[in-house]
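File shown: input-v6.pdb (PDB, C-alpha atoms (C1' of nucleotides)).
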ATOM      1  CA  MET A  26      11.782 -54.741  30.341
ATOM      2  CA  THR A  27      14.831 -54.922  32.481
ATOM      3  CA  ALA A  28      12.675 -55.909  35.454
ATOM      4  CA  THR A  29      10.235 -58.728  35.819
ATOM      5  CA  LYS A  30       6.567 -58.412  36.523
ATOM      6  CA  ALA A  31       7.044 -59.863  39.995
ATOM      7  CA  GLU A  32       9.634 -57.228  40.810
ATOM      8  CA  ARG A  33       7.288 -54.545  39.647
ATOM      9  CA  HIS A  34       4.536 -55.938  41.814
ATOM     10  CA  SER A  35       6.814 -55.905  44.824
ATOM     11  CA  ALA A  36       7.780 -52.340  44.140
ATOM     12  CA  ILE A  37       4.154 -51.316  43.853
ATOM     13  CA  LEU A  38       3.276 -52.988  47.124
ATOM     14  CA  GLU A  39       6.129 -51.157  48.748
ATOM     15  CA  LEU A  40       4.867 -47.838  47.431
ATOM     16  CA  VAL A  41       1.405 -48.672  48.684
ATOM     17  CA  THR A  42       2.723 -49.528  52.107
ATOM     18  CA  HIS A  43       4.507 -46.214  52.265
ATOM     19  CA  GLY A  44       1.314 -44.463  51.303
ATOM     20  CA  SER A  45       2.941 -42.952  48.278
ATOM     21  CA  ALA A  46       0.641 -44.393  45.650
ATOM     22  CA  HIS A  47      -1.961 -41.812  44.836
ATOM     23  CA  THR A  48      -2.633 -42.320  41.165
ATOM     24  CA  GLN A  49      -1.559 -44.861  38.598
ATOM     25  CA  HIS A  50       0.463 -42.234  36.815
ATOM     26  CA  ALA A  51       2.223 -41.408  40.054
ATOM     27  CA  ILE A  52       3.040 -45.067  40.529
ATOM     28  CA  ALA A  53       4.380 -45.298  37.001
ATOM     29  CA  ALA A  54       6.554 -42.269  37.669
ATOM     30  CA  ALA A  55       7.845 -43.708  40.921
ATOM     31  CA  LEU A  56       8.683 -46.964  39.212
ATOM     32  CA  ALA A  57      10.474 -45.058  36.485
ATOM     33  CA  ARG A  58      12.640 -43.454  39.125
ATOM     34  CA  ARG A  59      13.624 -46.953  40.169
ATOM     35  CA  GLY A  60      14.437 -47.819  36.614
ATOM     36  CA  MET A  61      11.277 -49.754  35.866
ATOM     37  CA  ARG A  62       9.397 -48.704  32.772
ATOM     38  CA  ALA A  63       5.666 -49.363  32.740
ATOM     39  CA  THR A  64       2.670 -47.501  31.432
ATOM     40  CA  GLN A  65      -0.475 -46.562  33.302
ATOM     41  CA  ALA A  66      -2.278 -49.376  31.490
ATOM     42  CA  THR A  67       0.097 -51.911  32.922
ATOM     43  CA  ILE A  68      -0.181 -50.459  36.392
ATOM     44  CA  SER A  69      -3.939 -50.673  36.109
ATOM     45  CA  ARG A  70      -3.652 -54.385  35.446
ATOM     46  CA  ASP A  71      -1.113 -54.832  38.217
ATOM     47  CA  ILE A  72      -3.414 -53.195  40.703
ATOM     48  CA  GLN A  73      -6.196 -55.505  39.707
ATOM     49  CA  GLU A  74      -3.937 -58.514  40.138
ATOM     50  CA  LEU A  75      -2.686 -57.360  43.500
ATOM     51  CA  GLY A  76      -6.212 -56.752  44.691
ATOM     52  CA  LEU A  77      -5.473 -53.203  45.742
ATOM     53  CA  VAL A  78      -8.237 -50.700  46.334
ATOM     54  CA  ARG A  79      -8.291 -46.957  46.068
ATOM     55  CA  SER A  80      -9.811 -45.064  48.924
ATOM     56  CA  GLY A  81      -9.785 -41.344  49.223
ATOM     57  CA  SER A  82      -6.485 -40.216  47.837
ATOM     58  CA  GLY A  83      -4.491 -43.366  47.496
ATOM     59  CA  TYR A  84      -4.207 -47.082  47.002
ATOM     60  CA  ARG A  85      -3.879 -49.639  49.723
ATOM     61  CA  SER A  86      -4.072 -53.359  50.237
ATOM     62  CA  SER A  87      -7.605 -54.662  50.500
ATOM     63  CA  SER A  88      -6.681 -57.256  53.060
ATOM     64  CA  GLY A  89      -4.409 -55.167  55.154
ATOM     65  CA  LEU A  90      -6.579 -55.806  58.122
ATOM     66  CA  VAL A  91      -6.430 -59.551  57.921
ATOM     67  CA  ARG A  92      -2.723 -59.416  57.502
ATOM     68  CA  GLU A  93      -2.387 -57.320  60.593
ATOM     69  CA  LEU A  94      -4.516 -59.688  62.598
ATOM     70  CA  VAL A  95      -2.303 -62.617  61.774
ATOM     71  CA  LEU A  96       0.375 -62.904  64.396
ATOM     72  CA  SER A  97       1.938 -66.098  63.113
ATOM     73  CA  VAL A  98       1.425 -69.011  60.763
ATOM     74  CA  GLU A  99       2.973 -72.392  61.317
ATOM     75  CA  PHE A 100       2.645 -75.408  59.046
ATOM     76  CA  ILE A 101       2.417 -78.858  60.557
ATOM     77  CA  ASP A 102       1.542 -81.256  57.798
ATOM     78  CA  PRO A 103      -1.297 -81.330  56.814
ATOM     79  CA  MET A 104      -2.391 -78.335  58.823
ATOM     80  CA  ALA A 105      -1.672 -74.676  59.387
ATOM     81  CA  VAL A 106      -1.886 -73.158  62.830
ATOM     82  CA  ILE A 107      -2.645 -69.445  62.778
ATOM     83  CA  ARG A 108      -2.424 -67.210  65.830
ATOM     84  CA  THR A 109      -4.386 -63.965  66.121
ATOM     85  CA  PRO A 110      -5.206 -61.403  68.814
ATOM     86  CA  PRO A 111      -7.772 -62.570  71.372
ATOM     87  CA  GLY A 112     -11.308 -62.719  70.069
ATOM     88  CA  THR A 113     -10.453 -62.251  66.416
ATOM     89  CA  ALA A 114      -9.819 -65.805  65.262
ATOM     90  CA  ASN A 115     -13.314 -66.166  63.879
ATOM     91  CA  LEU A 116     -12.957 -63.069  61.768
ATOM     92  CA  VAL A 117      -9.784 -64.252  60.156
ATOM     93  CA  ALA A 118     -11.125 -67.746  59.696
ATOM     94  CA  ARG A 119     -14.154 -66.431  57.921
ATOM     95  CA  ARG A 120     -11.960 -64.428  55.614
ATOM     96  CA  ILE A 121      -9.986 -67.552  54.807
ATOM     97  CA  ASP A 122     -13.183 -69.468  54.162
ATOM     98  CA  GLU A 123     -14.428 -66.712  51.893
ATOM     99  CA  ALA A 124     -11.314 -66.947  49.804
ATOM    100  CA  ALA A 125     -12.373 -70.522  49.084
ATOM    101  CA  LEU A 126      -8.886 -71.742  48.373
ATOM    102  CA  PRO A 127      -9.202 -75.133  46.697
ATOM    103  CA  GLY A 128      -6.415 -76.597  48.761
ATOM    104  CA  ILE A 129      -8.076 -75.886  52.077
ATOM    105  CA  ALA A 130     -10.436 -78.554  53.337
ATOM    106  CA  GLY A 131     -11.733 -76.457  56.212
ATOM    107  CA  THR A 132     -10.947 -74.338  59.218
ATOM    108  CA  VAL A 133     -11.798 -74.314  62.899
ATOM    109  CA  ALA A 134     -11.419 -71.161  64.930
ATOM    110  CA  GLY A 135     -11.174 -70.755  68.656
ATOM    111  CA  ASP A 136     -10.663 -67.452  70.397
ATOM    112  CA  ASP A 137      -7.181 -66.596  69.223
ATOM    113  CA  THR A 138      -6.169 -69.619  67.192
ATOM    114  CA  ILE A 139      -7.196 -71.114  63.896
ATOM    115  CA  ILE A 140      -6.454 -74.536  62.544
ATOM    116  CA  ALA A 141      -6.770 -74.963  58.813
ATOM    117  CA  VAL A 142      -6.699 -78.417  57.317
ATOM    118  CA  LEU A 143      -4.910 -78.541  53.976
ATOM    119  CA  ARG A 144      -5.634 -80.999  51.206
ATOM    120  CA  LYS A 145      -2.067 -80.867  50.049
ATOM    121  CA  ARG A 146       1.159 -79.316  51.080
ATOM    122  CA  SER A 147       1.189 -76.844  48.208
ATOM    123  CA  ALA A 148      -1.932 -75.189  49.578
ATOM    124  CA  GLY A 149       0.301 -73.707  52.216
ATOM    125  CA  ARG A 150       1.777 -71.304  49.725
ATOM    126  CA  ALA A 151      -1.619 -70.020  48.631
ATOM    127  CA  LEU A 152      -2.619 -69.571  52.234
ATOM    128  CA  LYS A 153       0.543 -67.723  53.051
ATOM    129  CA  GLU A 154      -0.039 -65.469  50.052
ATOM    130  CA  LEU A 155      -3.563 -64.732  51.162
ATOM    131  CA  LEU A 156      -2.429 -63.753  54.580
ATOM    132  CA  ALA A 157       0.533 -61.789  53.359
ATOM    133  CA  ASN A 158      -0.956 -60.014  50.388
ATOM    134  CA  ALA A 159      -4.233 -59.176  48.835
ATOM    135  CA  GLY A 160      -7.230 -61.435  48.557
TER     136      GLY A 160
ATOM    137  CA  MET B   7     -35.397 -33.820  46.495
ATOM    138  CA  THR B   8     -38.206 -35.642  48.167
ATOM    139  CA  ALA B   9     -35.658 -37.675  50.066
ATOM    140  CA  THR B  10     -32.985 -36.478  52.411
ATOM    141  CA  LYS B  11     -29.282 -36.947  52.055
ATOM    142  CA  ALA B  12     -29.259 -39.366  54.986
ATOM    143  CA  GLU B  13     -31.884 -41.523  53.336
ATOM    144  CA  ARG B  14     -29.858 -41.580  50.182
ATOM    145  CA  HIS B  15     -26.787 -42.614  52.120
ATOM    146  CA  SER B  16     -28.706 -45.441  53.721
ATOM    147  CA  ALA B  17     -29.958 -46.576  50.366
ATOM    148  CA  ILE B  18     -26.452 -46.538  48.944
ATOM    149  CA  LEU B  19     -25.107 -48.584  51.822
ATOM    150  CA  GLU B  20     -27.848 -51.081  51.291
ATOM    151  CA  LEU B  21     -26.960 -51.372  47.627
ATOM    152  CA  VAL B  22     -23.356 -51.831  48.567
ATOM    153  CA  THR B  23     -24.201 -54.530  51.082
ATOM    154  CA  HIS B  24     -26.148 -56.379  48.431
ATOM    155  CA  GLY B  25     -23.208 -56.122  46.090
ATOM    156  CA  SER B  26     -25.259 -54.285  43.522
ATOM    157  CA  ALA B  27     -23.201 -51.113  43.332
ATOM    158  CA  HIS B  28     -20.869 -51.421  40.404
ATOM    159  CA  THR B  29     -20.567 -47.881  39.121
ATOM    160  CA  GLN B  30     -21.740 -44.512  40.272
ATOM    161  CA  HIS B  31     -24.093 -44.322  37.324
ATOM    162  CA  ALA B  32     -25.542 -47.686  38.288
ATOM    163  CA  ILE B  33     -26.080 -46.456  41.815
ATOM    164  CA  ALA B  34     -27.802 -43.355  40.529
ATOM    165  CA  ALA B  35     -30.049 -45.521  38.387
ATOM    166  CA  ALA B  36     -30.885 -47.806  41.311
ATOM    167  CA  LEU B  37     -31.714 -44.831  43.472
ATOM    168  CA  ALA B  38     -33.927 -43.475  40.727
ATOM    169  CA  ARG B  39     -35.855 -46.726  40.771
ATOM    170  CA  ARG B  40     -36.510 -46.062  44.429
ATOM    171  CA  GLY B  41     -37.673 -42.618  43.625
ATOM    172  CA  MET B  42     -34.498 -40.794  44.606
ATOM    173  CA  ARG B  43     -33.026 -38.501  42.014
ATOM    174  CA  ALA B  44     -29.291 -37.850  42.206
ATOM    175  CA  THR B  45     -26.557 -37.347  39.664
ATOM    176  CA  GLN B  46     -23.257 -39.141  39.403
ATOM    177  CA  ALA B  47     -21.588 -36.072  40.868
ATOM    178  CA  THR B  48     -23.638 -36.326  44.000
ATOM    179  CA  ILE B  49     -23.030 -40.041  44.319
ATOM    180  CA  SER B  50     -19.332 -39.381  43.995
ATOM    181  CA  ARG B  51     -19.527 -37.070  46.977
ATOM    182  CA  ASP B  52     -21.671 -39.506  48.915
ATOM    183  CA  ILE B  53     -19.184 -42.275  48.390
ATOM    184  CA  GLN B  54     -16.419 -40.080  49.676
ATOM    185  CA  GLU B  55     -18.446 -39.224  52.750
ATOM    186  CA  LEU B  56     -19.342 -42.829  53.401
ATOM    187  CA  GLY B  57     -15.755 -43.941  53.013
ATOM    188  CA  LEU B  58     -16.578 -46.611  50.470
ATOM    189  CA  VAL B  59     -13.949 -48.136  48.255
ATOM    190  CA  ARG B  60     -14.123 -49.589  44.800
ATOM    191  CA  SER B  61     -12.426 -52.910  44.279
ATOM    192  CA  GLY B  62     -12.593 -54.823  41.089
ATOM    193  CA  SER B  63     -16.103 -54.553  39.815
ATOM    194  CA  GLY B  64     -17.946 -52.813  42.580
ATOM    195  CA  TYR B  65     -18.063 -50.698  45.660
ATOM    196  CA  ARG B  66     -18.013 -52.059  49.123
ATOM    197  CA  SER B  67     -17.616 -50.827  52.616
ATOM    198  CA  SER B  68     -14.003 -50.385  53.527
ATOM    199  CA  SER B  69     -14.900 -51.685  56.930
ATOM    200  CA  GLY B  70     -16.541 -55.032  56.442
ATOM    201  CA  LEU B  71     -14.140 -56.588  58.879
ATOM    202  CA  VAL B  72     -13.801 -53.569  61.056
ATOM    203  CA  ARG B  73     -17.514 -53.620  61.635
ATOM    204  CA  GLU B  74     -17.209 -56.983  63.296
ATOM    205  CA  LEU B  75     -14.507 -55.723  65.583
ATOM    206  CA  VAL B  76     -16.607 -52.872  66.842
ATOM    207  CA  LEU B  77     -18.300 -53.857  70.066
ATOM    208  CA  SER B  78     -19.953 -50.533  70.760
ATOM    209  CA  VAL B  79     -19.987 -46.875  69.766
ATOM    210  CA  GLU B  80     -21.017 -44.075  72.090
ATOM    211  CA  PHE B  81     -21.172 -40.402  71.211
ATOM    212  CA  ILE B  82     -20.197 -37.787  73.753
ATOM    213  CA  ASP B  83     -20.065 -34.472  71.968
ATOM    214  CA  PRO B  84     -17.713 -33.855  70.207
ATOM    215  CA  MET B  85     -16.280 -37.352  70.462
ATOM    216  CA  ALA B  86     -17.075 -40.960  69.772
ATOM    217  CA  VAL B  87     -15.890 -43.704  72.081
ATOM    218  CA  ILE B  88     -15.481 -47.023  70.337
ATOM    219  CA  ARG B  89     -14.895 -50.328  72.130
ATOM    220  CA  THR B  90     -13.173 -53.260  70.450
ATOM    221  CA  PRO B  91     -11.743 -56.650  71.433
ATOM    222  CA  PRO B  92      -8.451 -56.465  73.350
ATOM    223  CA  GLY B  93      -5.474 -55.538  71.235
ATOM    224  CA  THR B  94      -7.407 -54.529  68.142
ATOM    225  CA  ALA B  95      -8.139 -50.877  68.792
ATOM    226  CA  ASN B  96      -5.211 -49.727  66.690
ATOM    227  CA  LEU B  97      -6.338 -51.777  63.735
ATOM    228  CA  VAL B  98      -9.798 -50.346  63.824
ATOM    229  CA  ALA B  99      -8.534 -46.829  64.342
ATOM    230  CA  ARG B 100      -6.245 -47.084  61.365
ATOM    231  CA  ARG B 101      -9.127 -48.276  59.280
ATOM    232  CA  ILE B 102     -11.193 -45.318  60.345
ATOM    233  CA  ASP B 103      -8.326 -43.037  59.459
ATOM    234  CA  GLU B 104      -8.019 -44.640  56.068
ATOM    235  CA  ALA B 105     -11.669 -44.046  55.359
ATOM    236  CA  ALA B 106     -10.712 -40.380  55.567
ATOM    237  CA  LEU B 107     -14.117 -39.192  56.631
ATOM    238  CA  PRO B 108     -14.103 -35.431  56.269
ATOM    239  CA  GLY B 109     -15.884 -34.929  59.563
ATOM    240  CA  ILE B 110     -13.326 -36.735  61.673
ATOM    241  CA  ALA B 111     -10.501 -34.623  63.019
ATOM    242  CA  GLY B 112      -8.510 -37.553  64.317
ATOM    243  CA  THR B 113      -8.421 -40.696  66.425
ATOM    244  CA  VAL B 114      -6.443 -42.055  69.350
ATOM    245  CA  ALA B 115      -6.384 -45.738  70.091
ATOM    246  CA  GLY B 116      -5.500 -47.586  73.253
ATOM    247  CA  ASP B 117      -5.638 -51.352  73.607
ATOM    248  CA  ASP B 118      -9.353 -51.913  73.320
ATOM    249  CA  THR B 119     -10.766 -48.400  73.107
ATOM    250  CA  ILE B 120     -10.711 -45.643  70.509
ATOM    251  CA  ILE B 121     -11.571 -42.020  70.874
ATOM    252  CA  ALA B 122     -12.443 -40.197  67.690
ATOM    253  CA  VAL B 123     -12.696 -36.430  67.681
ATOM    254  CA  LEU B 124     -15.458 -35.130  65.433
ATOM    255  CA  ARG B 125     -15.424 -31.787  63.669
ATOM    256  CA  LYS B 126     -19.178 -31.505  63.930
ATOM    257  CA  ARG B 127     -22.029 -33.437  65.320
ATOM    258  CA  SER B 128     -23.220 -34.596  61.946
ATOM    259  CA  ALA B 129     -19.992 -36.503  61.470
ATOM    260  CA  GLY B 130     -21.274 -38.932  64.053
ATOM    261  CA  ARG B 131     -23.820 -40.141  61.594
ATOM    262  CA  ALA B 132     -21.194 -40.819  58.960
ATOM    263  CA  LEU B 133     -19.088 -42.667  61.496
ATOM    264  CA  LYS B 134     -21.991 -44.748  62.638
ATOM    265  CA  GLU B 135     -22.765 -45.516  59.040
ATOM    266  CA  LEU B 136     -19.211 -46.615  58.544
ATOM    267  CA  LEU B 137     -19.149 -48.857  61.584
ATOM    268  CA  ALA B 138     -22.669 -50.142  61.760
ATOM    269  CA  ASN B 139     -24.984 -51.714  59.274
ATOM    270  CA  ALA B 140     -27.052 -49.668  56.878
ATOM    271  CA  GLY B 141     -28.233 -47.352  59.588
TER     272      GLY B 141
ATOM    273  C1'  DA C  24      16.220 -75.108  15.697
ATOM    274  C1'  DG C  25      11.171 -74.603  14.687
ATOM    275  C1'  DT C  26       6.416 -74.154  16.137
ATOM    276  C1'  DC C  27       2.564 -73.177  18.910
ATOM    277  C1'  DA C  28       0.238 -71.290  22.832
ATOM    278  C1'  DA C  29       0.090 -68.359  26.566
ATOM    279  C1'  DA C  30       1.588 -64.347  28.987
ATOM    280  C1'  DC C  31       2.818 -59.573  28.864
ATOM    281  C1'  DT C  32       2.736 -54.902  27.366
ATOM    282  C1'  DG C  33       1.955 -50.477  24.885
ATOM    283  C1'  DC C  34      -1.100 -47.613  22.334
ATOM    284  C1'  DA C  35      -5.314 -45.479  21.606
ATOM    285  C1'  DT C  36      -9.633 -44.735  23.328
ATOM    286  C1'  DA C  37     -13.687 -45.601  26.083
ATOM    287  C1'  DA C  38     -15.525 -45.593  30.693
ATOM    288  C1'  DA C  39     -15.753 -43.981  35.221
ATOM    289  C1'  DG C  40     -15.028 -40.663  38.819
ATOM    290  C1'  DA C  41     -13.804 -35.983  40.789
ATOM    291  C1'  DT C  42     -14.448 -31.073  41.120
ATOM    292  C1'  DG C  43     -15.026 -25.738  40.265
ATOM    293  C1'  DC C  44     -18.725 -22.892  39.934
ATOM    294  C1'  DG C  45     -23.273 -21.152  40.075
ATOM    295  C1'  DT C  46     -28.060 -21.899  41.756
ATOM    296  C1'  DT C  47     -31.520 -23.156  45.057
ATOM    297  C1'  DG C  48     -33.856 -23.792  49.288
ATOM    298  C1'  DG C  49     -33.554 -23.488  54.362
ATOM    299  C1'  DT C  50     -32.352 -21.361  58.799
ATOM    300  C1'  DC C  51     -31.210 -17.722  61.826
ATOM    301  C1'  DC C  52     -31.317 -13.141  63.506
ATOM    302  C1'  DA C  53     -32.040  -8.263  63.729
TER     303       DA C  53
ATOM    304  C1'  DT D  16     -39.809  -9.346  56.570
ATOM    305  C1'  DG D  17     -35.261  -8.812  54.430
ATOM    306  C1'  DG D  18     -30.790 -10.268  54.131
ATOM    307  C1'  DA D  19     -26.710 -13.046  55.351
ATOM    308  C1'  DC D  20     -25.087 -17.532  55.429
ATOM    309  C1'  DC D  21     -24.646 -22.310  54.346
ATOM    310  C1'  DA D  22     -25.259 -27.041  53.036
ATOM    311  C1'  DA D  23     -26.725 -29.670  49.028
ATOM    312  C1'  DC D  24     -26.865 -30.178  44.110
ATOM    313  C1'  DG D  25     -26.580 -30.168  39.110
ATOM    314  C1'  DC D  26     -23.956 -29.076  35.108
ATOM    315  C1'  DA D  27     -19.950 -29.043  32.495
ATOM    316  C1'  DT D  28     -15.454 -30.422  32.330
ATOM    317  C1'  DC D  29     -11.109 -32.353  33.653
ATOM    318  C1'  DT D  30      -8.622 -36.268  35.671
ATOM    319  C1'  DT D  31      -8.011 -40.950  36.450
ATOM    320  C1'  DT D  32      -8.761 -45.698  35.348
ATOM    321  C1'  DA D  33     -10.118 -49.652  32.332
ATOM    322  C1'  DT D  34      -9.852 -52.223  28.065
ATOM    323  C1'  DG D  35      -9.843 -53.937  22.966
ATOM    324  C1'  DC D  36      -6.408 -54.927  19.929
ATOM    325  C1'  DA D  37      -2.035 -56.018  17.991
ATOM    326  C1'  DG D  38       2.855 -56.770  18.393
ATOM    327  C1'  DT D  39       6.488 -59.032  21.202
ATOM    328  C1'  DT D  40       8.457 -62.155  24.485
ATOM    329  C1'  DT D  41       8.656 -66.571  27.043
ATOM    330  C1'  DG D  42       8.420 -71.486  27.506
ATOM    331  C1'  DA D  43       7.238 -76.006  26.587
ATOM    332  C1'  DC D  44       7.416 -79.551  23.323
ATOM    333  C1'  DT D  45       8.623 -81.705  19.222
TER     334       DT D  45
END

What's the structure tokens form of this structure?
Amino acid sequence: MTATKAERHSAILELVTHGSAHTQHAIAAALARRGMRATQATISRDIQELGLVRSGSGYRSSSGLVRELVLSVEFIDPMAVIRTPPGTANLVARRIDEAALPGIAGTVAGDDTIIAVLRKRSAGRALKELLANAG
Amino acid sequence: MTATKAERHSAILELVTHGSAHTQHAIAAALARRGMRATQATISRDIQELGLVRSGSGYRSSSGLVRELVLSVEFIDPMAVIRTPPGTANLVARRIDEAALPGIAGTVAGDDTIIAVLRKRSAGRALKELLANAG
DNA sequence: AGTCAAACTGCATAAAGATGCGTTGGTCCA
DNA sequence: TGGACCAACGCATCTTTATGCAGTTTGACT
């Protein structure tokens, strides 16, 4: 492998975002064009790890919606302040609660703002990943 | 068939809501227990029509979150007018598009309102099923 | 350096899902 | 009533995805 697994994951997410990920073979082919060798079996595992779902004729991120609802995330030790569109804070907060990240002590949601209390600084990364990728 | 297609769809959505829809064969078996006969092929088509997605080990509604953003749905032949919280109409509309319901010709989204153009009246049912609970 | 454990991947194959085609049962209209 | 038309299905089959297993690579620790 000339490329790392993380690079491959990034490339796959990019394909998904562009809507050009219809089958796992197609993804493998697209990766090959970028010089990344990987078999369908590997892609299958990648997709599982990235939490992607297939709907209709292509793959997409399962938490795309949450990601789009998150306007900003700011860390102020030991909390994270998350801004969302008006009236949607509860939705996003619930999604965060459902993820049950061990580093998150709890969340409070207002109308367009969420405050999450972190048990430790490192939990910030997990939270950021949840909001930026798949859950 | 003693049961109608709509009843079967409702039953499937209920299974999905309860998280007990892991494979199409399993769904067929569950339906059989309720006295509804249907083959995997039919379930496959149903799932397409209902816009469900398979993630990990089971099917679920692609619109769990979307559902909560939908304030109201009104049908005015041949359209559906959907109200959402301010600023979220585009999100919901995109989700509807992604579900790729065959009966929906297209959607336009403003700030808090979506208009979906239906190919036929019956598509309204599918849309309602997508946006509302096991109806 | 040498060793062990864990992570990663390909191969082969099983499992799951999609679809072309033909049949059936209903509806509409002359 | 007879026929045209059409949505809904099942069957058989093809495509797409998941996975058990074994070989290889990576890293941490002596």

Running the PyMOL selection byres ((chain A) within 8 of (chain B)) on this model by hand, what would come out? Give it as a list in words.
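The output of the PyMOL selection byres ((chain A) within 8 of (chain B)) on this file is Gln73, Gly76, Leu77, Val78, Arg79, Ser80, Gly81, Leu90, Glu93, Pro110, Pro111, Gly112, Thr113 and Leu116 of chain A.
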
Please determine, counting only C-alpha atoms (C1' of nucleotides), which residue among D:DT28, D:DT39, D:DA22, D:DT16 has the shortest atom-to-atom distance to chain A.
D:DT39

Spell out the residues picked by the PyMOL selection byres ((chain A) within 12 of (chain D)) here, as a list of chain:residue names.
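Written out, the selection comes to A:Met26, A:Thr29, A:His47, A:Thr48, A:Gln49, A:His50, A:Ala51, A:Gln65, A:Ala66, A:Thr67, A:Ile68, A:Ser69, A:Arg70, A:Asp71, A:Ile72, A:Gln73, A:Arg79, A:Ser82, A:Gly83.
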
Counting all atoms listed in the file, a student should be able to say which residues of chain C come within 10 Å of chain B; what is the right answer, written as a count of residues only?
4

Using all atoms of range 89-99 of chain B listed in the file and a margin of 8 Å per side, can you give the axis-aligned box centre and edge lengths in Å to one decimal, as JSON?
{"center_x": -10.1, "center_y": -51.7, "center_z": 68.5, "size_x": 25.7, "size_y": 25.8, "size_z": 25.6}

Atomic separation - C1' of DG33 in chain C relative to CA of Thr64 in chain A, Å
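Pair CA of Thr64 in chain A / C1' of DG33 in chain C returns 7.2 Å.
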
Run the PyMOL selection byres ((chain B and resi 84-86) around 7) mentally over the shown coordinates, then write out the matched residues as a list of chain:residue names, using the chain letters and numbers from the document.
B:Val79, B:Glu80, B:Phe81, B:Ile82, B:Asp83, B:Val87, B:Ile88, B:Ile121, B:Ala122, B:Val123, B:Leu124, B:Lys126, B:Arg127

Residues as selected, C-alpha atoms, written as a compact mmCIF listing (two decimals), keeping the file's coordinate frame, can you do that?
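For reference, again.txt as written:
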# COMPACT_ATOMS: atom_id res chain seq x y z
CA VAL B 79 -19.99 -46.88 69.77
CA GLU B 80 -21.02 -44.08 72.09
CA PHE B 81 -21.17 -40.40 71.21
CA ILE B 82 -20.20 -37.79 73.75
CA ASP B 83 -20.07 -34.47 71.97
CA VAL B 87 -15.89 -43.70 72.08
CA ILE B 88 -15.48 -47.02 70.34
CA ILE B 121 -11.57 -42.02 70.87
CA ALA B 122 -12.44 -40.20 67.69
CA VAL B 123 -12.70 -36.43 67.68
CA LEU B 124 -15.46 -35.13 65.43
CA LYS B 126 -19.18 -31.50 63.93
CA ARG B 127 -22.03 -33.44 65.32

At what distance in Å, to one decimal, does CA of Ser67 in chain B lie from CA of Ala95 in chain B?
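These two atoms are separated by 18.7 Å.
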
Expressed in Å, the length from C1' of DC31 in chain C to CA of Ala63 in chain A is 11.3 Å

Tell me which protein, DNA and RNA residues are within 12 Å of Met42 in chain B, counting only C-alpha atoms (C1' of nucleotides), leaving out same-chain ones fewer than 2 positions away, and put them as a PDB file with C-alpha atoms, in the frame of the given file.
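Result saved to selection_9.pdb:
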ATOM      1  CA  MET B   7     -35.397 -33.820  46.495  1.00  0.00           C
ATOM      2  CA  THR B   8     -38.206 -35.642  48.167  1.00  0.00           C
ATOM      3  CA  ALA B   9     -35.658 -37.675  50.066  1.00  0.00           C
ATOM      4  CA  THR B  10     -32.985 -36.478  52.411  1.00  0.00           C
ATOM      5  CA  LYS B  11     -29.282 -36.947  52.055  1.00  0.00           C
ATOM      6  CA  ALA B  12     -29.259 -39.366  54.986  1.00  0.00           C
ATOM      7  CA  GLU B  13     -31.884 -41.523  53.336  1.00  0.00           C
ATOM      8  CA  ARG B  14     -29.858 -41.580  50.182  1.00  0.00           C
ATOM      9  CA  HIS B  15     -26.787 -42.614  52.120  1.00  0.00           C
ATOM     10  CA  SER B  16     -28.706 -45.441  53.721  1.00  0.00           C
ATOM     11  CA  ALA B  17     -29.958 -46.576  50.366  1.00  0.00           C
ATOM     12  CA  ILE B  18     -26.452 -46.538  48.944  1.00  0.00           C
ATOM     13  CA  ILE B  33     -26.080 -46.456  41.815  1.00  0.00           C
ATOM     14  CA  ALA B  34     -27.802 -43.355  40.529  1.00  0.00           C
ATOM     15  CA  ALA B  35     -30.049 -45.521  38.387  1.00  0.00           C
ATOM     16  CA  ALA B  36     -30.885 -47.806  41.311  1.00  0.00           C
ATOM     17  CA  LEU B  37     -31.714 -44.831  43.472  1.00  0.00           C
ATOM     18  CA  ALA B  38     -33.927 -43.475  40.727  1.00  0.00           C
ATOM     19  CA  ARG B  39     -35.855 -46.726  40.771  1.00  0.00           C
ATOM     20  CA  ARG B  40     -36.510 -46.062  44.429  1.00  0.00           C
ATOM     21  CA  ALA B  44     -29.291 -37.850  42.206  1.00  0.00           C
ATOM     22  CA  THR B  45     -26.557 -37.347  39.664  1.00  0.00           C
ATOM     23  CA  THR B  48     -23.638 -36.326  44.000  1.00  0.00           C
ATOM     24  CA  ILE B  49     -23.030 -40.041  44.319  1.00  0.00           C
TER      25      ILE B  49
END
